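Have a look at the structure below before the remarks.
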Amino acid sequence: MPSKMRVRFLGSGTAVPTAERSYAAIHVQIADRHILLDAGPGTLAKLAKSGVTYLDLHSLWLSHAHPDHCLDLVSILFAMRIPRPARRAAFTVYGPKGTKRLYQRLNAALNGWLTPRSYTLLIRELGVEKVRGPGFTVQTARMDHSAQALGYRVEAAGRSLAYSGDTDVCSSIIELGREADVLILECSMTDELKVDGHLTPTECGRIAAEARCKRLVLTHFYPVFDGYDIRGRVRRYYKGPVALAKDFMAIDV
């Protein structure tokens, strides 16, 4: 397997999905390890369409507990209870403060059907820290959103990928994306329809320029962007490569 990271956008949309864009989820493959950054509804099915199953997953990194980013935690853990083939490898769910309570409440509401039977489930709540995985590290940072939220910077084999989750403009997303090979920013609303806790194209351009990232990818688009010149707004400030994520779009880091 190549040592670089392979990134696939399973969902590039928001709480209002469209025929082209579903809920937030990003699959990252590092050598033979498969991790998820967020898991909105439908993530497990889209992952399977990409050739990866619940048996292959190493860990899930939730940015926050809004349903469009976390609800397929239920589907993933329910699938992992299936006895044949049984999952044996441990599975870790990372997230901000409140992630353990989220799991406990979901499991209680579903009468215990998320409780592991053949593997160990670990749920780890993170502050601002660096986590070491097999062949990669993840640095966290607090984001400016309406819920407890984290951004993640994944580093492996000398390459770096930063992901904002949901956030407004803040110094921590600039630092998280500092000179990253790829910076993935949410871009929820147009400049004219700015909403607190989310980014606009112009704000994304400013963040990318200040962070001096090598490549910028925008995701998490509401339908208001139909016919909108996103790249034009970004390029007022950021002159590097810009991509607009689509469901199943893949890039190498």
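Residue numbering restarts at 1 in every chain; chains get A, B, ... in the order shown in the structure tokens, and ligands count up from 1 in that same order.
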(message) Residues of range 3-224 of chain A classed as strand (DSSP E or B) by DSSP on the backbone are to be reported as number ranges by chain.
(response) A: 5-11, 25-30, 33-39, 57-61, 91-95, 121-125, 130-133, 136-142, 150-156, 159-163, 182-186, 216-219
Backbone DSSP call of alpha helix (DSSP H) for range 68-169 of chain A, listed as a PDB file with C-alpha atoms, in the first residue's frame:
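For reference, result02.pdb as written:
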ATOM      1  CA  ASP A  68     -25.643  15.626   9.928  1.00  0.00           C
ATOM      2  CA  HIS A  69     -22.145  14.773  11.217  1.00  0.00           C
ATOM      3  CA  CYS A  70     -22.708  11.922  13.677  1.00  0.00           C
ATOM      4  CA  LEU A  73     -22.577   6.171  14.403  1.00  0.00           C
ATOM      5  CA  VAL A  74     -25.748   4.170  15.037  1.00  0.00           C
ATOM      6  CA  SER A  75     -25.533   2.261  11.745  1.00  0.00           C
ATOM      7  CA  ILE A  76     -21.821   1.568  12.154  1.00  0.00           C
ATOM      8  CA  LEU A  77     -22.103   0.179  15.679  1.00  0.00           C
ATOM      9  CA  PHE A  78     -25.233  -1.797  14.839  1.00  0.00           C
ATOM     10  CA  ALA A  79     -23.445  -3.427  11.880  1.00  0.00           C
ATOM     11  CA  THR A  99     -19.330  11.960  22.992  1.00  0.00           C
ATOM     12  CA  LYS A 100     -19.668   9.302  25.706  1.00  0.00           C
ATOM     13  CA  ARG A 101     -23.039  10.655  26.734  1.00  0.00           C
ATOM     14  CA  LEU A 102     -24.132  10.723  23.087  1.00  0.00           C
ATOM     15  CA  TYR A 103     -23.324   7.023  22.741  1.00  0.00           C
ATOM     16  CA  GLN A 104     -24.973   6.116  26.043  1.00  0.00           C
ATOM     17  CA  ARG A 105     -28.192   7.927  25.174  1.00  0.00           C
ATOM     18  CA  LEU A 106     -28.363   6.510  21.680  1.00  0.00           C
ATOM     19  CA  ASN A 107     -27.737   3.005  23.001  1.00  0.00           C
ATOM     20  CA  ALA A 108     -30.379   3.416  25.710  1.00  0.00           C
ATOM     21  CA  ALA A 109     -32.929   4.703  23.205  1.00  0.00           C
TER      22      ALA A 109
END
Using only C-alpha atoms, find each residue in range 29-133 of chain A having at least one atom no more than 12 Å away from range 13-20 of chain A; report its shortest atom-to-atom pair and that distance in Å (one decimal), rows by chain then rising number, as a tab-separated table.
residue	atom	partner	partner_atom	distance
A:Asp38	CA	A:Thr14	CA	11.9
A:Ala39	CA	A:Thr14	CA	11.7
A:Gly40	CA	A:Thr14	CA	8.8
A:Pro41	CA	A:Ala15	CA	9.6
A:Gly42	CA	A:Pro17	CA	10.9
A:Thr43	CA	A:Gly13	CA	12.0
A:His66	CA	A:Ala15	CA	9.0
A:Pro67	CA	A:Ala15	CA	7.7
A:Asp68	CA	A:Ala15	CA	5.2
A:His69	CA	A:Thr14	CA	8.4
A:Cys70	CA	A:Ala15	CA	11.2
A:Leu71	CA	A:Ala15	CA	11.1
With C-alpha atoms retained, could you export that selection as a PDB file, in the first residue's frame?
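Contents of result07.pdb, freshly written:
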ATOM      1  CA  ASP A  38     -17.540  12.424  10.743  1.00  0.00           C
ATOM      2  CA  ALA A  39     -20.359  10.055   9.845  1.00  0.00           C
ATOM      3  CA  GLY A  40     -23.602  11.679   8.792  1.00  0.00           C
ATOM      4  CA  PRO A  41     -26.613   9.552   7.788  1.00  0.00           C
ATOM      5  CA  GLY A  42     -25.824   7.104   4.988  1.00  0.00           C
ATOM      6  CA  THR A  43     -22.080   6.991   5.604  1.00  0.00           C
ATOM      7  CA  HIS A  66     -25.036  17.528  15.237  1.00  0.00           C
ATOM      8  CA  PRO A  67     -27.001  14.809  13.390  1.00  0.00           C
ATOM      9  CA  ASP A  68     -25.643  15.626   9.928  1.00  0.00           C
ATOM     10  CA  HIS A  69     -22.145  14.773  11.217  1.00  0.00           C
ATOM     11  CA  CYS A  70     -22.708  11.922  13.677  1.00  0.00           C
ATOM     12  CA  LEU A  71     -25.943  10.021  13.130  1.00  0.00           C
TER      13      LEU A  71
END
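Rounded to one decimal, CA of Arg153 in chain A and CA of Gln139 in chain A lie 5.0 Å from each other.
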(message) I'd like the neighbourhood of Glu125 in chain A as a PyMOL selection string, where a residue qualifies if any of its atoms comes within 8 Å (using only C-alpha atoms), though same-chain residues fewer than 3 positions away should be ignored.
(response) chain A and resi 94-100
(message) I'd like the contact shell of Cys204 in chain A - 8 Å cut-off, only C-alpha atoms, skipping same-chain residues fewer than 6 positions apart - returned as a ChimeraX atom specification.
(response) /A:185,187,234
(request) Quick one: pull the distance between CA of Phe221 in chain A and CA of Gly240 in chain A, Å, one decimal. (result) 20.5 Å
(message) Report as an MDAnalysis selection string all protein, DNA and RNA residues lying within 10 Å of Thr120 in chain A, evaluated on only C-alpha atoms, omitting residues in the same chain fewer than 5 positions from it.
(response) chainID A and resid 87:92 115
Using only C-alpha atoms, find each residue of range 10-58 of chain A with at least one atom at most 12 Å away from an atom of range 131-134 of chain A; report its shortest atom-to-atom pair and that distance in Å (one decimal), sort the rows by chain and rising residue number, and return the result as JSON lines.
{"residue": "A:Gln29", "atom": "CA", "partner": "A:Pro134", "partner_atom": "CA", "distance": 11.9}
{"residue": "A:Ile30", "atom": "CA", "partner": "A:Pro134", "partner_atom": "CA", "distance": 9.2}
{"residue": "A:Ala31", "atom": "CA", "partner": "A:Pro134", "partner_atom": "CA", "distance": 9.7}
{"residue": "A:Asp32", "atom": "CA", "partner": "A:Pro134", "partner_atom": "CA", "distance": 9.8}
{"residue": "A:Arg33", "atom": "CA", "partner": "A:Pro134", "partner_atom": "CA", "distance": 8.0}
{"residue": "A:His34", "atom": "CA", "partner": "A:Pro134", "partner_atom": "CA", "distance": 10.8}
{"residue": "A:Ile35", "atom": "CA", "partner": "A:Gly133", "partner_atom": "CA", "distance": 10.4}
{"residue": "A:His58", "atom": "CA", "partner": "A:Gly133", "partner_atom": "CA", "distance": 9.5}
Put those residues in a file: N, CA and C atoms, as a CSV table (one decimal), in the first residue's frame.
chain,number,residue,atom,x,y,z
A,29,GLN,N,-7.8,6.8,4.1
A,29,GLN,CA,-7.0,5.6,4.1
A,29,GLN,C,-5.5,5.9,4.2
A,30,ILE,N,-4.9,5.3,5.2
A,30,ILE,CA,-3.5,5.5,5.5
A,30,ILE,C,-2.9,4.1,5.5
A,31,ALA,N,-2.2,3.7,4.5
A,31,ALA,CA,-1.7,2.4,4.3
A,31,ALA,C,-2.9,1.5,4.4
A,32,ASP,N,-2.9,0.5,5.4
A,32,ASP,CA,-4.1,-0.4,5.4
A,32,ASP,C,-5.1,0.0,6.5
A,33,ARG,N,-5.0,1.2,7.0
A,33,ARG,CA,-5.9,1.7,8.0
A,33,ARG,C,-7.0,2.6,7.4
A,34,HIS,N,-8.2,2.4,7.8
A,34,HIS,CA,-9.3,3.2,7.3
A,34,HIS,C,-9.9,4.0,8.5
A,35,ILE,N,-10.0,5.3,8.4
A,35,ILE,CA,-10.6,6.1,9.4
A,35,ILE,C,-11.7,7.0,8.8
A,58,HIS,N,-11.0,1.4,11.3
A,58,HIS,CA,-10.1,1.5,12.5
A,58,HIS,C,-10.7,2.4,13.5
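Of the residues listed (A:Ala180, A:Ala86, A:Ala141, A:Ala250), A:Ala180 shows the shortest atom-to-atom separation from Glu155 in chain A; distances use only C-alpha atoms.
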(message) For a quick check of understanding, using only C-alpha atoms, which of A:Tyr119, A:Leu216, A:Val93, A:Tyr222 has the smallest distance to Val242 in chain A?
(response)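 The answer is A:Leu216, which sits nearest to Val242 in chain A.
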